[in-house]
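Visitor: I am attaching a structure below and will ask some questions about it afterwards.
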Number of protein chains: 4
Amino acid sequence: MPQNAPPALEPRKTPVQARSTATVEAIYEATIQVLLGDGADRLTTTRVAERAGVSVGTLYQYYPNKQSLLFAVLEGHMNKLSEAVEFACEHARGKPLAEMVKDVIEAFVDAKMERADISTALYRIAADVDGPALARRAAQRSQNALEAAIRTAPDVTLRPEKFTIQMVFSAMAGTTRSVLEAGASPAMVRNLRGHLVLLCQSYLAAATQTRARR
Amino acid sequence: MPQNAPPALEPRKTPVQARSTATVEAIYEATIQVLLGDGADRLTTTRVAERAGVSVGTLYQYYPNKQSLLFAVLEGHMNKLSEAVEFACEHARGKPLAEMVKDVIEAFVDAKMERADISTALYRIAADVDGPALARRAAQRSQNALEAAIRTAPDVTLRPEKFTIQMVFSAMAGTTRSVLEAGASPAMVRNLRGHLVLLCQSYLAAATQTRARR
Amino acid sequence: MPQNAPPALEPRKTPVQARSTATVEAIYEATIQVLLGDGADRLTTTRVAERAGVSVGTLYQYYPNKQSLLFAVLEGHMNKLSEAVEFACEHARGKPLAEMVKDVIEAFVDAKMERADISTALYRIAADVDGPALARRAAQRSQNALEAAIRTAPDVTLRPEKFTIQMVFSAMAGTTRSVLEAGASPAMVRNLRGHLVLLCQSYLAAATQTRARR
Amino acid sequence: MPQNAPPALEPRKTPVQARSTATVEAIYEATIQVLLGDGADRLTTTRVAERAGVSVGTLYQYYPNKQSLLFAVLEGHMNKLSEAVEFACEHARGKPLAEMVKDVIEAFVDAKMERADISTALYRIAADVDGPALARRAAQRSQNALEAAIRTAPDVTLRPEKFTIQMVFSAMAGTTRSVLEAGASPAMVRNLRGHLVLLCQSYLAAATQTRARR
DNA sequence: CATGAATGAGGTTTCATTCAT
DNA sequence: TATGAATGAAACCTCATTCAT
């Protein structure tokens with residue numbers, strides 16, 4: 001995918017009609033289907049259009065180029081993750097820190113696992129779509145939610161630093177990713193869920209104490 | 001009219017003359033140069049050969065196809081990381097666990113940072129070369145070394161489970177990756193180094209206690 | 001980085017618009033043109049496309065690979081020959097054997113000569129396209145037609161064996177080929193026409209008598 | 001194989017030393033080996049050299065280009081066939097025509113069958129080496145021998161025309177080729193041997209009578 | 001709006017041939 | 001003479017994208 005001119009990543013037109021919405025949706029889903037079924041390097045715009053039951057021309061009416069298509073899918077996926085985290089944070093307000101961390105992490109891992117196949121497949125296209133930038137935005141959302149939630153934890157006297165929050169989130173996302181890419185069995189995923197909670201809890205405790213001692 | 005054949009990843013020919021050793025080396029380095037300078041999707045065999053100062057034909061004398069080239073580079077990088085970890089483990093034998101973890105993590109992060117640009121660039125090609133498989137192999141090496149080292153720690157009465165080791169390593173690699181991809185400043189990297197130690201130490205402690213309590 | 005897949009010989013897409021029918025035809029004809037004008041080893045897909053007045057991409061929309069293109073041309077040519085033989089057989093039903101053989105052979109030789117240049121040029125590409133297999137199929141068609149026709153000859157009491165029919169056809173095709181490749185002058189071709197009739201007639205007679213005497 | 005400059009087909013140097021002769025021979029045999037084992041399109045000069053146990057450079061010392069190599073092999077094979085025919089003609093001098101034809105044809109078919117695999121494989125490279133020209137030369141040799149032999153047959157009063165001889169030879173070679181390419185079983189080959197004799201005998205008889213009647 | 005035929009730059013790979021060692 | 005590393009033209013084929021219908 002060559003990138004010469006400044007590429008437009010935003011969908012080209014806002015779907016105002018019902019039909020368009022359905023088409024956009026179909027293309028979006030088809031992209032995931034093809035990605036999962038044929039793999040990232042078999043993912044061509046023609047194939048996606050075919051799978052979506054429309055012509056390439058139509059695809060290009062709604063997504064100005066291939067990147068924007070991948071971008072949309074990646075963004076959609078990350079939004080779902082962010083929402084899961086935000087939702088968990090919302091519901092954990094007022095709980096003690098340990099419980100809060102537990103809830104959030106389990107929500108995150110579960111959301112990730114629910115579509116683990118998509119998750120891993122998307123790692124492979126992230127590179128073509130400035131995935132890191134998207135990841136940063138998503139991470140920021142989650143970190144903000146987490147930080148806000150922690151502020152409501154009754155047993156937290158010393159608020160963790162911004163960087164500590166980032167570490168927690170990086171550990172969450174990074175460890176999950178590593179385990180997933182290592183080819184995790186369902187049993188290992190269950191283990192991961194428990195240990196990740198332990199890991200973040202103990203780190204948060206340690207980081208806060210360390211800070212207190214300063 | 002091409003023929004089909006199982007794609008080989010192994011280098012095609014072992015250089016017997018001095019001249020060709022230099023050539024292989026030049027191609028290898030050129031690949032990294034191009035990857036860094038032009039990006040993963042500008043990385044063509046022609047461009048690599050050009051940068052290496054040889055003809056495409058020569059490139060194909062040593063690497064049977066593009067994949068094998070990328071594979072070699074990825075493998076080389078991962079070997080360096082594994083070696084760094086193994087070296088640190090070797091030297092940390094007999095030390096107390098906390099110190100041991102500190103040494104290993106710092107070695108890992110430092111090795112990663114020393115060639116941070118390559119590290120992140122390689123994430124992008126990993127997909128084309130069965131990176132995960134390679135990563136698994138490298139991870140196994142490191143985990144074995146770490147496990148063996150821990151067995152020599154005088155303050156460890158209850159050996160950690162295999163999975164705990166895997167968690168430590170996944171946390172190490174995953175968190176580092178996340179932080180790197182978030183576009184880490186040097187300051188943040190310094191922070192990462194410290195906090196990762198804390199994170200792994202506290203997790204290991206917690207995981208061991210949890211186990212003891214069972 | 002290409003993928004391996006079983007090479008397909010069938011045309012890739014059936015033209016639905018009028019425009020593409022013309023395109024397919026143009027490519028087909030261009031292939032023959034190039035084959036005749038430039039020779040078999042100058043026959044590249046690019047050159048064919050150029051001659052057809054389309055882009056390579058277009059060529060590959062209709063023929064999945066070079067082989068399929070050659071295959072199509074070879075098949076087309078052989079079909080024409082088979083049809084000529086079948087047509088002659090059809091029209092010779094009920095005639096005496098000698099006359100029948102005369103008609104069929106003359107039809108065959110004439111069809112071959114009408115496009116003698118293509119015929120000889122195609123010999124050269126047959127190797128790349130499993131020509132023998134194609135030839136076998138075509139031969140079978142002709143032999144079946146011939147056999148059926150002979151069954152209607154009033155003066156045939158003892159039907160020739162299958163192998164005898166095959167000999168007749170092999171002699172027809174083989175001798176013609178040899179004479180053609182020897183660089184036949186028009187005069188020689190006229191001679192061939194006559195003598196081939198004689199040859200097959202006398203062989204058939206002899207083979208039948210031999211059989212009768214057994 | 002592009003042919004721009006007037007290509008030299010003759011071996012580059014006359015082997016004067018024993019070593020050279022052995023080398024030339026080895027390369028020659030290796031070519032056949034590769035042709036049979038790997039097929040015509042896997043037949044590369046490098047591979048031939050490798051199989052012969054010499055370097056490409058050495059190969060080019062004795063054969064100025066790939067064509068000359070193929071040419072040599074093709075020529076060698078055809079010479080063997082011609083010699084077989086000539087030898088048979090020599091030994092059939094003075095015999096009656098029918099017997100003579102039988103001897104010659106059986107000699108030809110047997111020679112062909114003895115190395116049937118090479119025969120068919122060579123059909124495939126003949127195109128790249130002006131096979132027809134070679135074939136013409138070989139055919140001429142055989143036809144001359146046959147003509148001379150027939151002149152010694154006691155039962156021949158009216159000598160056959162030149163063209164009749166050519167027909168006999170074309171039928172011989174062409175029919176054999178057709179049957180071979182049809183994928184002949186050993187049983188069919190035996191059949192071919194007998195019927196080809198019959199075919200040529202009856203044709204010769206008929207052609208001579210026809211001529212007499214004029 | 002939808003279609004899908006057409007485009008063509010550009011990517012990967014091969015292999016006959018040369019020439020410094 | 002023999003070697004084999006190096007060459008590079010040229011072949012095949014893909015696929016994001018456009019635009020006439």
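Chain labels follow the order of the structure tokens: the first chain is A, the next B, and so on; residue numbering restarts at 1 in every chain, and ligands are counted from 1 in their shown order.
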Can you write out as a Markdown table which residues of chain F fall within 12 Å of stretch 41-57 of chain B, alongside each residue's closest atom pair and its distance in Å to one decimal, counting only C-alpha atoms (C1' of nucleotides) and ordering rows by chain and ascending residue number?

Guide:
| residue | atom | partner | partner_atom | distance |
| --- | --- | --- | --- | --- |
| F:DA5 | C1' | B:Gly57 | CA | 10.3 |
| F:DA6 | C1' | B:Ser55 | CA | 7.6 |
| F:DT7 | C1' | B:Ser55 | CA | 6.5 |
| F:DG8 | C1' | B:Ser55 | CA | 7.1 |
| F:DA9 | C1' | B:Gly57 | CA | 10.9 |

Visitor: Define the interface residues of chain B facing chain A as those within 7 Å, counting only C-alpha atoms, and report them as a ChimeraX atom specification.

Guide: /B:41,124,127,132,136,170-171,174-175,177-179,181-182,198-199,202-203,206

Visitor: With C-alpha atoms kept, could you save the residues just selected as a PDB file, in the first residue's frame?

Guide:
ATOM      1  CA  ASP B  41       6.202  -1.213   2.865  1.00  0.00           C
ATOM      2  CA  ARG B 124       5.925  -4.400  11.536  1.00  0.00           C
ATOM      3  CA  ALA B 127       3.576 -10.590  10.538  1.00  0.00           C
ATOM      4  CA  PRO B 132       4.897 -15.215  16.576  1.00  0.00           C
ATOM      5  CA  ARG B 136       7.726 -18.161  20.978  1.00  0.00           C
ATOM      6  CA  SER B 170       5.162 -11.679  28.915  1.00  0.00           C
ATOM      7  CA  ALA B 171       4.849  -8.674  31.180  1.00  0.00           C
ATOM      8  CA  GLY B 174       4.575  -6.867  26.380  1.00  0.00           C
ATOM      9  CA  THR B 175       4.825  -3.838  28.584  1.00  0.00           C
ATOM     10  CA  ARG B 177       6.428  -3.111  23.553  1.00  0.00           C
ATOM     11  CA  SER B 178       3.364  -1.138  24.546  1.00  0.00           C
ATOM     12  CA  VAL B 179       5.432   1.635  25.983  1.00  0.00           C
ATOM     13  CA  GLU B 181       4.801   1.846  20.547  1.00  0.00           C
ATOM     14  CA  ALA B 182       3.250   4.612  22.553  1.00  0.00           C
ATOM     15  CA  LEU B 198       9.026  -3.122  40.642  1.00  0.00           C
ATOM     16  CA  LEU B 199       6.189  -4.684  38.738  1.00  0.00           C
ATOM     17  CA  SER B 202       6.004  -7.470  43.391  1.00  0.00           C
ATOM     18  CA  TYR B 203       4.176  -9.860  41.099  1.00  0.00           C
ATOM     19  CA  ALA B 206       2.612 -12.038  45.346  1.00  0.00           C
TER      20      ALA B 206
END

Visitor: Any idea which chain E residues end up within 7 Å of chain C if we count only C-alpha atoms (C1' of nucleotides), as a PyMOL selection string please?

Guide: chain E and resi 6-7+12

Visitor: Using only C-alpha atoms (C1' of nucleotides), pick whichever of D:Met113, D:Tyr62, D:Arg193, D:Gln33 has the shortest atom-to-atom distance to chain F.

Guide: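 The closest residue to chain F is D:Tyr62.
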
Visitor: Would you list which chain F residues are within 8 Å of chain C using only C-alpha atoms (C1' of nucleotides), as number ranges by chain?

Guide: F: 11-13

Visitor: Write out as a PDB file with C-alpha atoms, in the first residue's frame the set of residues from stretch 42-93 of chain C that DSSP, computed on the backbone, places in helix (DSSP H, G or I).

Guide:
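Saved file out-v2.pdb follows:
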ATOM      1  CA  ARG C  42       9.275 -13.977 -27.608  1.00  0.00           C
ATOM      2  CA  THR C  45       2.199 -11.787 -21.601  1.00  0.00           C
ATOM      3  CA  THR C  46       3.174  -8.153 -21.845  1.00  0.00           C
ATOM      4  CA  ARG C  47       3.757  -8.400 -25.550  1.00  0.00           C
ATOM      5  CA  VAL C  48       0.462 -10.151 -26.080  1.00  0.00           C
ATOM      6  CA  ALA C  49      -1.387  -7.497 -24.127  1.00  0.00           C
ATOM      7  CA  GLU C  50       0.356  -4.787 -26.062  1.00  0.00           C
ATOM      8  CA  ARG C  51      -0.556  -6.398 -29.365  1.00  0.00           C
ATOM      9  CA  ALA C  52      -4.125  -6.795 -28.196  1.00  0.00           C
ATOM     10  CA  VAL C  56      -1.402  -6.662 -18.867  1.00  0.00           C
ATOM     11  CA  GLY C  57      -3.805  -6.333 -16.024  1.00  0.00           C
ATOM     12  CA  THR C  58      -6.695  -6.789 -18.390  1.00  0.00           C
ATOM     13  CA  LEU C  59      -5.131  -9.884 -19.827  1.00  0.00           C
ATOM     14  CA  TYR C  60      -4.884 -11.352 -16.376  1.00  0.00           C
ATOM     15  CA  GLN C  61      -8.530 -10.611 -15.718  1.00  0.00           C
ATOM     16  CA  TYR C  62      -9.445 -13.208 -18.271  1.00  0.00           C
ATOM     17  CA  LYS C  66       0.281 -17.486 -19.166  1.00  0.00           C
ATOM     18  CA  GLN C  67      -0.367 -21.185 -19.424  1.00  0.00           C
ATOM     19  CA  SER C  68      -4.099 -20.729 -19.529  1.00  0.00           C
ATOM     20  CA  LEU C  69      -3.642 -18.382 -22.440  1.00  0.00           C
ATOM     21  CA  LEU C  70      -1.583 -20.844 -24.419  1.00  0.00           C
ATOM     22  CA  PHE C  71      -3.932 -23.583 -23.410  1.00  0.00           C
ATOM     23  CA  ALA C  72      -6.904 -21.697 -24.751  1.00  0.00           C
ATOM     24  CA  VAL C  73      -5.226 -21.127 -28.094  1.00  0.00           C
ATOM     25  CA  LEU C  74      -4.073 -24.698 -28.420  1.00  0.00           C
ATOM     26  CA  GLU C  75      -7.470 -25.991 -27.426  1.00  0.00           C
ATOM     27  CA  GLY C  76      -9.203 -23.719 -29.891  1.00  0.00           C
ATOM     28  CA  HIS C  77      -7.005 -24.932 -32.691  1.00  0.00           C
ATOM     29  CA  MET C  78      -7.469 -28.564 -31.862  1.00  0.00           C
ATOM     30  CA  ASN C  79     -11.180 -28.159 -31.559  1.00  0.00           C
ATOM     31  CA  LYS C  80     -11.265 -26.784 -35.063  1.00  0.00           C
ATOM     32  CA  LEU C  81      -9.406 -29.794 -36.350  1.00  0.00           C
ATOM     33  CA  SER C  82     -11.631 -32.190 -34.472  1.00  0.00           C
ATOM     34  CA  GLU C  83     -14.692 -30.465 -35.800  1.00  0.00           C
ATOM     35  CA  ALA C  84     -13.443 -30.701 -39.337  1.00  0.00           C
ATOM     36  CA  VAL C  85     -12.904 -34.422 -38.949  1.00  0.00           C
ATOM     37  CA  GLU C  86     -16.253 -34.946 -37.266  1.00  0.00           C
ATOM     38  CA  PHE C  87     -17.994 -32.945 -39.924  1.00  0.00           C
ATOM     39  CA  ALA C  88     -16.383 -35.004 -42.669  1.00  0.00           C
ATOM     40  CA  CYS C  89     -17.293 -38.228 -40.916  1.00  0.00           C
ATOM     41  CA  GLU C  90     -20.863 -37.086 -40.598  1.00  0.00           C
ATOM     42  CA  HIS C  91     -21.107 -36.372 -44.304  1.00  0.00           C
TER      43      HIS C  91
END

Visitor: Within 12 Å of B:Leu158, counting only C-alpha atoms (C1' of nucleotides), which residues qualify if same-chain residues fewer than 2 places away don't, as number ranges by chain?

Guide: B: 97, 150-156, 160-161, 204-205, 207-213

Visitor: With N, CA and C atoms retained, could you export that selection as a short mmCIF file (atom, residue, chain, number, x, y, z; two decimals), in the first residue's frame?

Guide:
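In the end it all went to out29.cif:
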data_model
loop_
_atom_site.label_atom_id
_atom_site.label_comp_id
_atom_site.auth_asym_id
_atom_site.auth_seq_id
_atom_site.Cartn_x
_atom_site.Cartn_y
_atom_site.Cartn_z
N LEU B 97 16.47 -13.07 44.88
CA LEU B 97 15.51 -12.97 43.78
C LEU B 97 15.31 -11.54 43.28
N ILE B 150 16.54 -18.64 38.72
CA ILE B 150 15.76 -18.50 39.96
C ILE B 150 16.01 -19.67 40.90
N ARG B 151 16.25 -20.82 40.29
CA ARG B 151 16.50 -21.99 41.13
C ARG B 151 17.75 -21.82 42.00
N THR B 152 18.61 -20.88 41.60
CA THR B 152 19.84 -20.66 42.38
C THR B 152 19.71 -19.53 43.39
N ALA B 153 18.54 -18.87 43.39
CA ALA B 153 18.36 -17.75 44.33
C ALA B 153 18.24 -18.31 45.74
N PRO B 154 19.06 -17.81 46.67
CA PRO B 154 19.09 -18.39 48.03
C PRO B 154 17.79 -18.12 48.80
N ASP B 155 17.10 -17.02 48.45
CA ASP B 155 15.91 -16.67 49.24
C ASP B 155 14.61 -17.23 48.66
N VAL B 156 14.74 -18.11 47.72
CA VAL B 156 13.52 -18.67 47.14
C VAL B 156 13.29 -20.07 47.70
N PRO B 160 8.69 -20.75 41.73
CA PRO B 160 7.49 -20.27 41.00
C PRO B 160 7.08 -21.27 39.94
N GLU B 161 5.79 -21.28 39.64
CA GLU B 161 5.28 -22.16 38.58
C GLU B 161 5.76 -21.70 37.21
N LEU B 204 6.04 -11.36 41.41
CA LEU B 204 6.66 -12.64 41.77
C LEU B 204 6.42 -12.94 43.25
N ALA B 205 6.60 -11.91 44.05
CA ALA B 205 6.38 -12.08 45.48
C ALA B 205 4.94 -12.50 45.74
N ALA B 207 2.75 -13.77 43.69
CA ALA B 207 2.39 -15.06 43.11
C ALA B 207 2.93 -16.20 43.99
N THR B 208 4.11 -16.01 44.54
CA THR B 208 4.69 -17.06 45.36
C THR B 208 3.91 -17.21 46.67
N GLN B 209 3.59 -16.07 47.26
CA GLN B 209 2.81 -16.12 48.50
C GLN B 209 1.47 -16.79 48.27
N THR B 210 0.82 -16.36 47.23
CA THR B 210 -0.48 -16.94 46.91
C THR B 210 -0.37 -18.45 46.84
N ARG B 211 0.70 -18.88 46.22
CA ARG B 211 0.88 -20.31 46.05
C ARG B 211 1.11 -20.99 47.39
N ALA B 212 1.90 -20.32 48.23
CA ALA B 212 2.23 -20.90 49.53
C ALA B 212 0.97 -21.07 50.37
N ARG B 213 0.09 -20.08 50.25
CA ARG B 213 -1.11 -20.07 51.06
C ARG B 213 -2.10 -21.19 50.68
#
